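What follows is the content of query-v2.cif (mmCIF, C-alpha atoms).
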```cif
data_input
#
loop_
_atom_site.label_atom_id
_atom_site.label_comp_id
_atom_site.auth_asym_id
_atom_site.auth_seq_id
_atom_site.Cartn_x
_atom_site.Cartn_y
_atom_site.Cartn_z
CA MET Q 1 6.13 14.39 -18.85
CA SER Q 2 8.79 11.76 -18.26
CA ILE Q 3 9.13 10.54 -14.72
CA GLN Q 4 12.75 11.69 -14.45
CA LYS Q 5 11.78 15.32 -15.08
CA GLN Q 6 9.00 15.46 -12.51
CA SER Q 7 9.40 17.10 -9.10
CA VAL Q 8 8.88 14.95 -6.04
CA GLY Q 9 5.51 16.64 -5.51
CA GLU Q 10 4.49 15.82 -9.09
CA LEU Q 11 5.56 12.20 -8.70
CA LEU Q 12 3.48 11.82 -5.55
CA ALA Q 13 0.51 13.49 -7.23
CA GLY Q 14 0.80 10.95 -10.07
CA TYR Q 15 0.97 8.17 -7.52
CA ALA Q 16 -2.19 9.48 -5.82
CA GLN Q 17 -3.97 9.72 -9.20
CA VAL Q 18 -3.16 6.09 -10.04
CA LEU Q 19 -4.45 4.97 -6.64
CA ALA Q 20 -7.63 7.04 -7.11
CA GLU Q 21 -8.23 5.45 -10.53
CA LEU Q 22 -7.66 1.95 -9.06
CA ARG Q 23 -10.18 2.77 -6.33
CA ARG Q 24 -12.65 4.08 -8.91
CA ARG Q 25 -12.39 0.76 -10.78
CA ARG Q 26 -12.73 -1.03 -7.44
CA VAL Q 27 -9.38 -2.78 -7.84
CA VAL Q 28 -8.24 -1.39 -4.51
CA ARG Q 29 -10.45 -0.47 -1.58
CA THR Q 30 -8.17 1.48 0.75
CA ASN Q 31 -5.43 4.13 0.85
CA ASN Q 32 -2.93 1.42 1.80
CA ALA Q 33 -0.27 0.06 -0.53
CA PRO Q 34 -2.27 -1.67 -3.29
CA ALA Q 35 -0.52 -5.07 -3.42
CA GLY Q 36 -2.98 -6.89 -1.16
CA ASP Q 37 -6.16 -5.47 -2.68
CA TYR Q 38 -4.76 -5.91 -6.19
CA ALA Q 39 -3.94 -9.58 -5.58
CA GLU Q 40 -7.48 -10.18 -4.28
CA TRP Q 41 -8.91 -8.48 -7.34
CA LEU Q 42 -6.73 -10.55 -9.70
CA VAL Q 43 -7.69 -13.81 -8.01
CA ALA Q 44 -11.39 -12.93 -8.01
CA ARG Q 45 -11.22 -12.08 -11.72
CA ALA Q 46 -9.16 -15.13 -12.66
CA LEU Q 47 -11.16 -17.69 -10.67
CA GLY Q 48 -14.59 -16.06 -10.71
CA GLY Q 49 -14.74 -15.59 -6.97
CA THR Q 50 -16.77 -13.16 -4.91
CA LEU Q 51 -14.91 -10.75 -2.63
CA ALA Q 52 -15.91 -10.84 1.03
CA GLU Q 53 -17.92 -7.78 2.05
CA ASP Q 54 -16.03 -6.63 5.11
CA ASN Q 55 -12.40 -6.02 4.25
CA SER Q 56 -11.16 -5.83 7.84
CA VAL Q 57 -12.78 -8.42 10.10
CA LYS Q 58 -12.84 -11.73 8.29
CA SER Q 59 -10.99 -15.01 8.04
CA HIS Q 60 -11.22 -15.22 4.25
CA ASP Q 61 -10.99 -12.75 1.37
CA LEU Q 62 -13.20 -14.37 -1.22
CA THR Q 63 -15.46 -17.32 -1.94
CA LEU Q 64 -15.10 -19.41 -5.09
CA PRO Q 65 -18.11 -20.59 -7.14
CA THR Q 66 -17.44 -24.05 -5.60
CA GLY Q 67 -18.07 -22.59 -2.13
CA GLU Q 68 -14.46 -22.87 -1.05
CA ARG Q 69 -13.23 -19.94 1.01
CA LEU Q 70 -9.97 -18.36 0.01
CA GLN Q 71 -7.40 -16.31 1.94
CA VAL Q 72 -5.13 -14.23 -0.33
CA LYS Q 73 -1.55 -13.35 0.65
CA ALA Q 74 0.59 -11.15 -1.57
CA ARG Q 75 4.09 -9.72 -1.38
CA VAL Q 76 6.03 -7.37 -3.65
CA ILE Q 77 9.46 -8.85 -4.33
CA SER Q 78 12.73 -8.03 -6.07
CA GLU Q 79 14.26 -10.45 -8.56
CA PRO Q 80 15.93 -12.34 -6.97
CA PRO Q 81 13.89 -11.86 -3.77
CA LYS Q 82 15.64 -10.23 -0.81
CA ARG Q 83 15.76 -11.83 2.59
CA GLY Q 84 12.36 -11.76 4.25
CA GLN Q 85 10.39 -10.66 1.17
CA LEU Q 86 8.74 -14.07 0.77
CA GLN Q 87 7.23 -14.05 4.24
CA THR Q 88 3.45 -13.57 4.37
CA SER Q 89 1.67 -11.20 6.68
CA ALA Q 90 0.03 -12.78 9.74
CA PHE Q 91 -2.49 -15.60 9.51
CA ARG Q 92 -4.80 -14.97 12.47
CA SER Q 93 -7.20 -17.80 11.69
CA TRP Q 94 -7.23 -20.98 9.60
CA ASP Q 95 -10.94 -20.73 8.88
CA PHE Q 96 -10.70 -21.12 5.08
CA GLU Q 97 -10.02 -23.95 2.62
CA LEU Q 98 -7.42 -22.50 0.23
CA SER Q 99 -4.73 -19.89 0.32
CA ALA Q 100 -3.87 -17.96 -2.83
CA LEU Q 101 -0.22 -16.96 -2.63
CA VAL Q 102 0.78 -14.18 -5.01
CA LEU Q 103 4.25 -12.75 -5.67
CA LEU Q 104 4.37 -9.42 -7.56
CA ARG Q 105 7.51 -7.95 -9.13
CA ASP Q 106 8.56 -4.63 -7.55
CA THR Q 107 9.41 -2.91 -10.85
CA ASP Q 108 6.00 -3.31 -12.50
CA TYR Q 109 3.68 -5.39 -10.27
CA CYS Q 110 3.65 -8.22 -12.81
CA VAL Q 111 2.74 -11.60 -11.35
CA VAL Q 112 6.01 -13.48 -10.76
CA ARG Q 113 4.35 -16.60 -9.38
CA ALA Q 114 0.97 -17.49 -7.93
CA ALA Q 115 -0.45 -20.69 -6.49
CA LEU Q 116 -3.50 -22.06 -4.71
CA VAL Q 117 -2.44 -24.07 -1.66
CA PRO Q 118 -4.74 -26.07 0.68
CA VAL Q 119 -4.90 -24.57 4.16
CA GLU Q 120 -3.43 -27.69 5.82
CA ILE Q 121 -0.24 -27.45 3.73
CA VAL Q 122 0.14 -23.75 4.57
CA ARG Q 123 -0.48 -24.45 8.24
CA GLU Q 124 2.03 -27.32 8.27
CA GLN Q 125 4.81 -25.11 6.88
CA SER Q 126 3.93 -22.00 8.93
CA ARG Q 127 5.72 -20.75 12.01
CA PHE Q 128 4.30 -19.07 15.08
CA ALA Q 129 5.82 -15.80 16.25
CA ALA Q 130 5.05 -14.93 19.86
CA HIS Q 131 5.94 -11.27 19.18
CA THR Q 132 2.98 -10.79 16.86
CA ASN Q 133 0.92 -13.64 18.30
CA ALA Q 134 0.36 -15.01 14.81
CA HIS Q 135 1.54 -17.51 12.21
CA SER Q 136 3.24 -16.70 8.93
CA VAL Q 137 4.77 -18.77 6.17
CA HIS Q 138 7.48 -18.36 3.53
CA MET Q 139 6.13 -18.35 -0.04
CA ASN Q 140 9.09 -20.34 -1.35
CA SER Q 141 9.17 -23.17 -3.91
CA ARG Q 142 8.71 -25.77 -1.21
CA LEU Q 143 5.28 -24.25 -0.52
CA MET Q 144 4.20 -22.88 -3.90
CA GLY Q 145 5.52 -25.91 -5.79
CA HIS Q 146 4.01 -28.42 -3.35
CA ALA Q 147 2.45 -31.50 -4.98
CA ARG Q 148 -0.99 -30.36 -3.78
CA ALA Q 149 -0.52 -26.73 -4.89
CA VAL Q 150 -2.09 -25.51 -8.13
CA ASP Q 151 -0.14 -22.97 -10.16
CA ILE Q 152 -2.34 -20.01 -11.20
CA THR Q 153 0.38 -17.70 -12.54
CA ALA Q 154 -0.90 -17.72 -16.12
CA GLN Q 155 -4.52 -17.08 -15.09
CA LEU Q 156 -3.52 -14.12 -12.92
CA ARG Q 157 -1.32 -12.66 -15.65
CA ALA Q 158 -4.25 -12.86 -18.07
CA ALA Q 159 -6.53 -11.19 -15.51
CA ALA Q 160 -4.05 -8.29 -15.19
CA GLU Q 161 -4.49 -7.42 -18.89
CA GLY Q 162 -8.11 -6.39 -18.40
CA MET E 1 -1.45 7.72 -22.22
CA SER E 2 -4.25 9.11 -20.05
CA ILE E 3 -4.90 7.23 -16.86
CA GLN E 4 -8.50 6.40 -17.83
CA LYS E 5 -7.35 4.48 -20.93
CA GLN E 6 -4.77 2.31 -19.16
CA SER E 7 -5.35 -1.32 -18.22
CA VAL E 8 -5.13 -2.25 -14.57
CA GLY E 9 -1.74 -3.86 -15.25
CA GLU E 10 -0.49 -0.66 -16.88
CA LEU E 11 -1.72 1.45 -13.96
CA LEU E 12 0.10 -0.76 -11.46
CA ALA E 13 3.26 -0.68 -13.60
CA GLY E 14 3.10 3.14 -13.57
CA TYR E 15 2.63 3.02 -9.82
CA ALA E 16 5.72 0.78 -9.46
CA GLN E 17 7.75 3.13 -11.68
CA VAL E 18 6.86 6.15 -9.56
CA LEU E 19 7.86 4.26 -6.41
CA ALA E 20 11.15 3.16 -8.04
CA GLU E 21 11.93 6.77 -9.01
CA LEU E 22 11.14 7.95 -5.47
CA ARG E 23 13.47 5.27 -4.10
CA ARG E 24 16.18 6.28 -6.60
CA ARG E 25 15.93 9.88 -5.31
CA ARG E 26 15.98 8.51 -1.75
CA VAL E 27 12.61 10.06 -0.96
CA VAL E 28 11.27 6.66 0.08
CA ARG E 29 13.29 3.78 1.44
CA THR E 30 10.91 0.82 1.34
CA ASN E 31 8.28 -0.88 -0.80
CA ASN E 32 5.63 0.24 1.67
CA ALA E 33 3.09 2.98 0.98
CA PRO E 34 5.22 6.12 0.63
CA ALA E 35 3.37 8.51 2.99
CA GLY E 36 5.60 7.90 6.02
CA ASP E 37 8.93 8.02 4.22
CA TYR E 38 7.78 11.00 2.15
CA ALA E 39 6.79 12.97 5.25
CA GLU E 40 10.20 12.26 6.83
CA TRP E 41 11.91 13.41 3.66
CA LEU E 42 9.85 16.63 3.52
CA VAL E 43 10.56 17.45 7.16
CA ALA E 44 14.30 16.75 6.77
CA ARG E 45 14.43 18.99 3.71
CA ALA E 46 12.34 21.77 5.25
CA LEU E 47 14.09 21.88 8.63
CA GLY E 48 17.58 20.73 7.64
CA GLY E 49 17.45 17.59 9.75
CA THR E 50 19.42 14.37 9.39
CA LEU E 51 17.46 11.14 8.92
CA ALA E 52 18.18 8.39 11.44
CA GLU E 53 20.21 5.56 9.92
CA ASP E 54 18.15 2.57 10.89
CA ASN E 55 14.63 2.93 9.57
CA SER E 56 13.11 0.18 11.70
CA VAL E 57 14.48 0.08 15.25
CA LYS E 58 14.56 3.61 16.55
CA SER E 59 12.64 5.98 18.76
CA HIS E 60 13.13 8.98 16.47
CA ASP E 61 13.20 9.55 12.72
CA LEU E 62 15.53 12.49 12.42
CA THR E 63 17.73 14.88 14.34
CA LEU E 64 17.53 18.65 13.86
CA PRO E 65 20.66 20.85 13.65
CA THR E 66 19.76 21.97 17.21
CA GLY E 67 20.19 18.37 18.39
CA GLU E 68 16.49 17.86 19.04
CA ARG E 69 15.20 14.42 18.07
CA LEU E 70 12.07 14.27 15.99
CA GLN E 71 9.44 11.57 15.51
CA VAL E 72 7.42 12.01 12.28
CA LYS E 73 3.82 10.83 11.99
CA ALA E 74 1.91 11.13 8.72
CA ARG E 75 -1.55 10.19 7.49
CA VAL E 76 -3.22 10.43 4.10
CA ILE E 77 -6.64 12.04 4.53
CA SER E 78 -9.73 12.92 2.54
CA GLU E 79 -11.15 16.43 2.63
CA PRO E 80 -12.98 16.53 4.96
CA PRO E 81 -11.19 13.72 6.84
CA LYS E 82 -13.10 10.49 7.38
CA ARG E 83 -13.55 8.93 10.78
CA GLY E 84 -10.27 7.54 12.09
CA GLN E 85 -8.03 9.08 9.40
CA LEU E 86 -6.47 11.56 11.84
CA GLN E 87 -5.23 8.87 14.20
CA THR E 88 -1.46 8.30 14.18
CA SER E 89 0.24 4.93 14.03
CA ALA E 90 1.59 3.61 17.33
CA PHE E 91 4.01 5.55 19.53
CA ARG E 92 6.12 2.80 21.15
CA SER E 93 8.47 5.18 22.95
CA TRP E 94 8.55 8.83 24.00
CA ASP E 95 12.31 9.08 23.61
CA PHE E 96 12.34 12.21 21.43
CA GLU E 97 11.75 15.94 21.91
CA LEU E 98 9.39 16.90 19.08
CA SER E 99 6.77 15.23 16.95
CA ALA E 100 6.24 16.37 13.38
CA LEU E 101 2.61 15.70 12.49
CA VAL E 102 1.88 15.73 8.76
CA LEU E 103 -1.48 15.42 6.99
CA LEU E 104 -1.35 14.68 3.24
CA ARG E 105 -4.31 15.01 0.86
CA ASP E 106 -5.35 11.69 -0.70
CA THR E 107 -5.90 13.09 -4.20
CA ASP E 108 -2.39 14.48 -4.71
CA TYR E 109 -0.32 14.05 -1.52
CA CYS E 110 -0.20 17.82 -1.03
CA VAL E 111 0.50 18.89 2.55
CA VAL E 112 -2.86 19.79 4.11
CA ARG E 113 -1.43 20.74 7.50
CA ALA E 114 1.81 20.08 9.36
CA ALA E 115 3.01 21.04 12.82
CA LEU E 116 5.87 20.48 15.24
CA VAL E 117 4.51 19.55 18.66
CA PRO E 118 6.56 18.99 21.86
CA VAL E 119 6.52 15.36 22.99
CA GLU E 120 4.83 16.19 26.33
CA ILE E 121 1.82 17.72 24.55
CA VAL E 122 1.49 14.70 22.27
CA ARG E 123 1.80 12.35 25.22
CA GLU E 124 -0.78 14.30 27.23
CA GLN E 125 -3.38 14.01 24.43
CA SER E 126 -2.53 10.39 23.50
CA ARG E 127 -4.51 7.31 24.41
CA PHE E 128 -3.28 3.84 25.24
CA ALA E 129 -4.77 0.85 23.41
CA ALA E 130 -4.24 -2.47 25.18
CA HIS E 131 -4.96 -4.31 21.90
CA THR E 132 -1.80 -2.98 20.24
CA ASN E 133 0.05 -2.27 23.49
CA ALA E 134 0.82 1.25 22.28
CA HIS E 135 -0.26 4.88 22.41
CA SER E 136 -1.68 6.90 19.54
CA VAL E 137 -3.08 10.39 19.18
CA HIS E 138 -5.56 12.22 16.97
CA MET E 139 -3.95 14.86 14.75
CA ASN E 140 -6.86 17.26 15.20
CA SER E 141 -6.86 21.05 15.65
CA ARG E 142 -6.69 20.70 19.41
CA LEU E 143 -3.27 19.06 18.97
CA MET E 144 -1.89 20.69 15.82
CA GLY E 145 -3.17 24.13 16.78
CA HIS E 146 -1.94 23.89 20.39
CA ALA E 147 -0.36 27.08 21.78
CA ARG E 148 3.01 25.30 21.96
CA ALA E 149 2.76 23.78 18.45
CA VAL E 150 4.59 25.38 15.53
CA ASP E 151 2.90 25.33 12.15
CA ILE E 152 5.27 24.11 9.40
CA THR E 153 2.73 23.71 6.58
CA ALA E 154 4.29 26.40 4.37
CA GLN E 155 7.85 25.05 4.81
CA LEU E 156 6.78 21.51 3.91
CA ARG E 157 4.83 22.71 0.87
CA ALA E 158 7.93 24.57 -0.33
CA ALA E 159 10.06 21.44 0.23
CA ALA E 160 7.68 19.39 -1.95
CA GLU E 161 8.42 21.61 -4.96
CA GLY E 162 12.02 20.40 -5.14
#
```

Hey, can you dump this file as structure tokens for me?
Amino acid sequence: MSIQKQSVGELLAGYAQVLAELRRRRVVRTNNAPAGDYAEWLVARALGGTLAEDNSVKSHDLTLPTGERLQVKARVISEPPKRGQLQTSAFRSWDFELSALVLLRDTDYCVVRAALVPVEIVREQSRFAAHTNAHSVHMNSRLMGHARAVDITAQLRAAAEG
Amino acid sequence: MSIQKQSVGELLAGYAQVLAELRRRRVVRTNNAPAGDYAEWLVARALGGTLAEDNSVKSHDLTLPTGERLQVKARVISEPPKRGQLQTSAFRSWDFELSALVLLRDTDYCVVRAALVPVEIVREQSRFAAHTNAHSVHMNSRLMGHARAVDITAQLRAAAEG
């Protein structure tokens, strides 16, 4: 049935079914919005990394075959992005080597842009907010297009096909 | 196409389309997981309330025709609920008269149980967590089945059909 003809209850049931299927395939691991888990899954698939065991208490999300530890930050954005949409969630530790920054398009969760950025560059451009007692950074071109950043958009898009 | 045959990218695109349709119908108002917005929408529809204008800085979510202010708390739960799933998000103020507590089933977002509970009962059963500097409460039978609670499960289920 087309989406427009479904009742609100039917739409939500479809939403729940998609999330259940994503959990079954181990793409997402929680009942939360899937952007974060999905981005981790894409990066792991694209770069051959291993997801960290404990999803809640850790400084990194996955480890690359090279041994480098990776923190993944994802946001769902409009095109063009609205004010504030590029800001990452809180960094509560810098105990990792690389940050994978992933922007997903709100209409279809396609990868808009993704980059690997060394922790020191992220840290340098981050700001501290006393309110949340944590740092965050804007995933803008200055950060994602930094000379030491590596673009991984194409790899992540390919990983999404699987 | 059946969900099992879709690629991960297709599943996420379907997920985004459902969210976009829910936003178009004004059931949800953000890109966040829809449970909270959906519960507010159900309660407003079922009880004839008016949603508060500003979705972020407010002590209540909607106002009933009687003038009573209502704070809505929702959680998505398994059946039976897993440890911790019944706990509400933070109450950062008690500046409302009634709390609408809504439990949604993870497989299809059907209303498992919903109740209107006076703020003083919620406050009495709540606990303070220094870590988050906020109170929360467990939406268990002791709270939702309290002598002064009003069950609104049937009304919310009827509202979901629309």

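Summary of the local environment: counting all atoms listed in the file, residues at most 12 Å from Thr153 in chain Q, other than itself and those fewer than 6 positions away along its chain, are Ala39, Leu42, Val43, Ala46, Leu47, Ala100, Leu101, Val102, Leu103, Leu104, Cys110, Val111, Val112, Arg113, Ala114, Ala115, Leu116, Met144, Gly145, Ala159 and Ala160 of chain Q.
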
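Remark: for Ala52 in chain E, the closest of the candidate residues E:Ile121, E:Val72, E:His135, E:Pro34 is E:Val72 (distances computed over only C-alpha atoms).
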
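Of the listed residues (E:Val28, E:Leu64, E:Ala134, E:Val76), E:Ala134 comes nearest to Phe91 in chain E; the distances count all atoms listed in the file.
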
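Residues captured in this structure file are Ile77, Ser78, Pro80, Pro81, Lys82, Leu104, Arg105, Asp106, Thr107 and Val112 of chain E, according to the PyMOL selection byres ((chain E and resi 79) around 10).
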
- Query: For the file shown, what are the residues hit by the PyMOL selection byres ((chain E) within 9 of (chain Q)), laid out as an NGL selection string?
  - Reply: :E and (3-4 or 7-22 or 25 or 27 or 31-34 or 38 or 76-77 or 105-110 or 157 or 159-162)

Can I get the selection written as an mmCIF file, keeping the file's coordinate frame, with C-alpha atoms?
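Generated output (result06.cif):
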```cif
data_model
loop_
_atom_site.group_PDB
_atom_site.id
_atom_site.type_symbol
_atom_site.label_atom_id
_atom_site.label_comp_id
_atom_site.auth_asym_id
_atom_site.auth_seq_id
_atom_site.Cartn_x
_atom_site.Cartn_y
_atom_site.Cartn_z
ATOM 1 C CA ILE E 3 -4.900 7.230 -16.860
ATOM 2 C CA GLN E 4 -8.500 6.400 -17.830
ATOM 3 C CA SER E 7 -5.350 -1.320 -18.220
ATOM 4 C CA VAL E 8 -5.130 -2.250 -14.570
ATOM 5 C CA GLY E 9 -1.740 -3.860 -15.250
ATOM 6 C CA GLU E 10 -0.490 -0.660 -16.880
ATOM 7 C CA LEU E 11 -1.720 1.450 -13.960
ATOM 8 C CA LEU E 12 0.100 -0.760 -11.460
ATOM 9 C CA ALA E 13 3.260 -0.680 -13.600
ATOM 10 C CA GLY E 14 3.100 3.140 -13.570
ATOM 11 C CA TYR E 15 2.630 3.020 -9.820
ATOM 12 C CA ALA E 16 5.720 0.780 -9.460
ATOM 13 C CA GLN E 17 7.750 3.130 -11.680
ATOM 14 C CA VAL E 18 6.860 6.150 -9.560
ATOM 15 C CA LEU E 19 7.860 4.260 -6.410
ATOM 16 C CA ALA E 20 11.150 3.160 -8.040
ATOM 17 C CA GLU E 21 11.930 6.770 -9.010
ATOM 18 C CA LEU E 22 11.140 7.950 -5.470
ATOM 19 C CA ARG E 25 15.930 9.880 -5.310
ATOM 20 C CA VAL E 27 12.610 10.060 -0.960
ATOM 21 C CA ASN E 31 8.280 -0.880 -0.800
ATOM 22 C CA ASN E 32 5.630 0.240 1.670
ATOM 23 C CA ALA E 33 3.090 2.980 0.980
ATOM 24 C CA PRO E 34 5.220 6.120 0.630
ATOM 25 C CA TYR E 38 7.780 11.000 2.150
ATOM 26 C CA VAL E 76 -3.220 10.430 4.100
ATOM 27 C CA ILE E 77 -6.640 12.040 4.530
ATOM 28 C CA ARG E 105 -4.310 15.010 0.860
ATOM 29 C CA ASP E 106 -5.350 11.690 -0.700
ATOM 30 C CA THR E 107 -5.900 13.090 -4.200
ATOM 31 C CA ASP E 108 -2.390 14.480 -4.710
ATOM 32 C CA TYR E 109 -0.320 14.050 -1.520
ATOM 33 C CA CYS E 110 -0.200 17.820 -1.030
ATOM 34 C CA ARG E 157 4.830 22.710 0.870
ATOM 35 C CA ALA E 159 10.060 21.440 0.230
ATOM 36 C CA ALA E 160 7.680 19.390 -1.950
ATOM 37 C CA GLU E 161 8.420 21.610 -4.960
ATOM 38 C CA GLY E 162 12.020 20.400 -5.140
#
```

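A straight line drawn from CA of Ser136 in chain Q to CA of Trp94 in chain Q is 11.3 Å long.
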
- Please provide the set of residues having any atom within 8 Å of Pro118 in chain E, restricted to only C-alpha atoms, with same-chain residues fewer than 5 positions apart removed, written as a PyMOL selection string. chain E and resi 97-99+148-149

What residues have an atom no more than 10 Å from (-11.2, -21.3, 4.1) in the file's own frame, counting all atoms listed in the file, and can you write them as a JSON list (two decimals) with C-alpha atoms, keeping the file's coordinate frame?
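Output saved as selection34.json:
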```json
[["chain", "number", "residue", "atom", "x", "y", "z"],
["Q", 59, "SER", "CA", -10.99, -15.01, 8.04],
["Q", 60, "HIS", "CA", -11.22, -15.22, 4.25],
["Q", 61, "ASP", "CA", -10.99, -12.75, 1.37],
["Q", 62, "LEU", "CA", -13.20, -14.37, -1.22],
["Q", 63, "THR", "CA", -15.46, -17.32, -1.94],
["Q", 67, "GLY", "CA", -18.07, -22.59, -2.13],
["Q", 68, "GLU", "CA", -14.46, -22.87, -1.05],
["Q", 69, "ARG", "CA", -13.23, -19.94, 1.01],
["Q", 70, "LEU", "CA", -9.97, -18.36, 0.01],
["Q", 71, "GLN", "CA", -7.40, -16.31, 1.94],
["Q", 93, "SER", "CA", -7.20, -17.80, 11.69],
["Q", 94, "TRP", "CA", -7.23, -20.98, 9.60],
["Q", 95, "ASP", "CA", -10.94, -20.73, 8.88],
["Q", 96, "PHE", "CA", -10.70, -21.12, 5.08],
["Q", 97, "GLU", "CA", -10.02, -23.95, 2.62],
["Q", 98, "LEU", "CA", -7.42, -22.50, 0.23],
["Q", 99, "SER", "CA", -4.73, -19.89, 0.32],
["Q", 118, "PRO", "CA", -4.74, -26.07, 0.68],
["Q", 119, "VAL", "CA", -4.90, -24.57, 4.16]]
```

Enclosing box along x, y and z for every listed atom of range 27-45 of chain Q, padded 5 Å each side, centre and size in Å, one decimal, as lines of an AutoDock Vina configuration file:
```
center_x = -5.8
center_y = -4.8
center_z = -5.0
size_x = 21.1
size_y = 27.9
size_z = 23.5
```

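Atom pair CA of Thr30 in chain E / CA of Gly84 in chain Q: separated by 13.0 Å.
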
If the PyMOL selection byres ((chain Q and resi 138) around 6) is run on the structure shown, which residues does it catch, given as a compact mmCIF listing (two decimals) with C-alpha atoms, in the frame of the given file?
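Final output, saved to result.txt:
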```txt
# COMPACT_ATOMS: atom_id res chain seq x y z
CA LEU Q 86 8.74 -14.07 0.77
CA GLN Q 87 7.23 -14.05 4.24
CA VAL Q 137 4.77 -18.77 6.17
CA MET Q 139 6.13 -18.35 -0.04
CA ASN Q 140 9.09 -20.34 -1.35
```

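Relative to CA of Arg26 in chain E, CA of Asp37 in chain Q is found at 26.2 Å.
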
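The shortest atom-to-atom distance to Thr50 in chain Q, with all atoms listed in the file taken into account, belongs to Q:Pro65 out of Q:Pro65, Q:Ala129, Q:Val117, Q:Gly36.
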
- Using only C-alpha atoms, the shortest atom-to-atom distance to Leu156 in chain Q among Q:Lys73, Q:Arg83, Q:Arg45, Q:His131 belongs to Q:Arg45
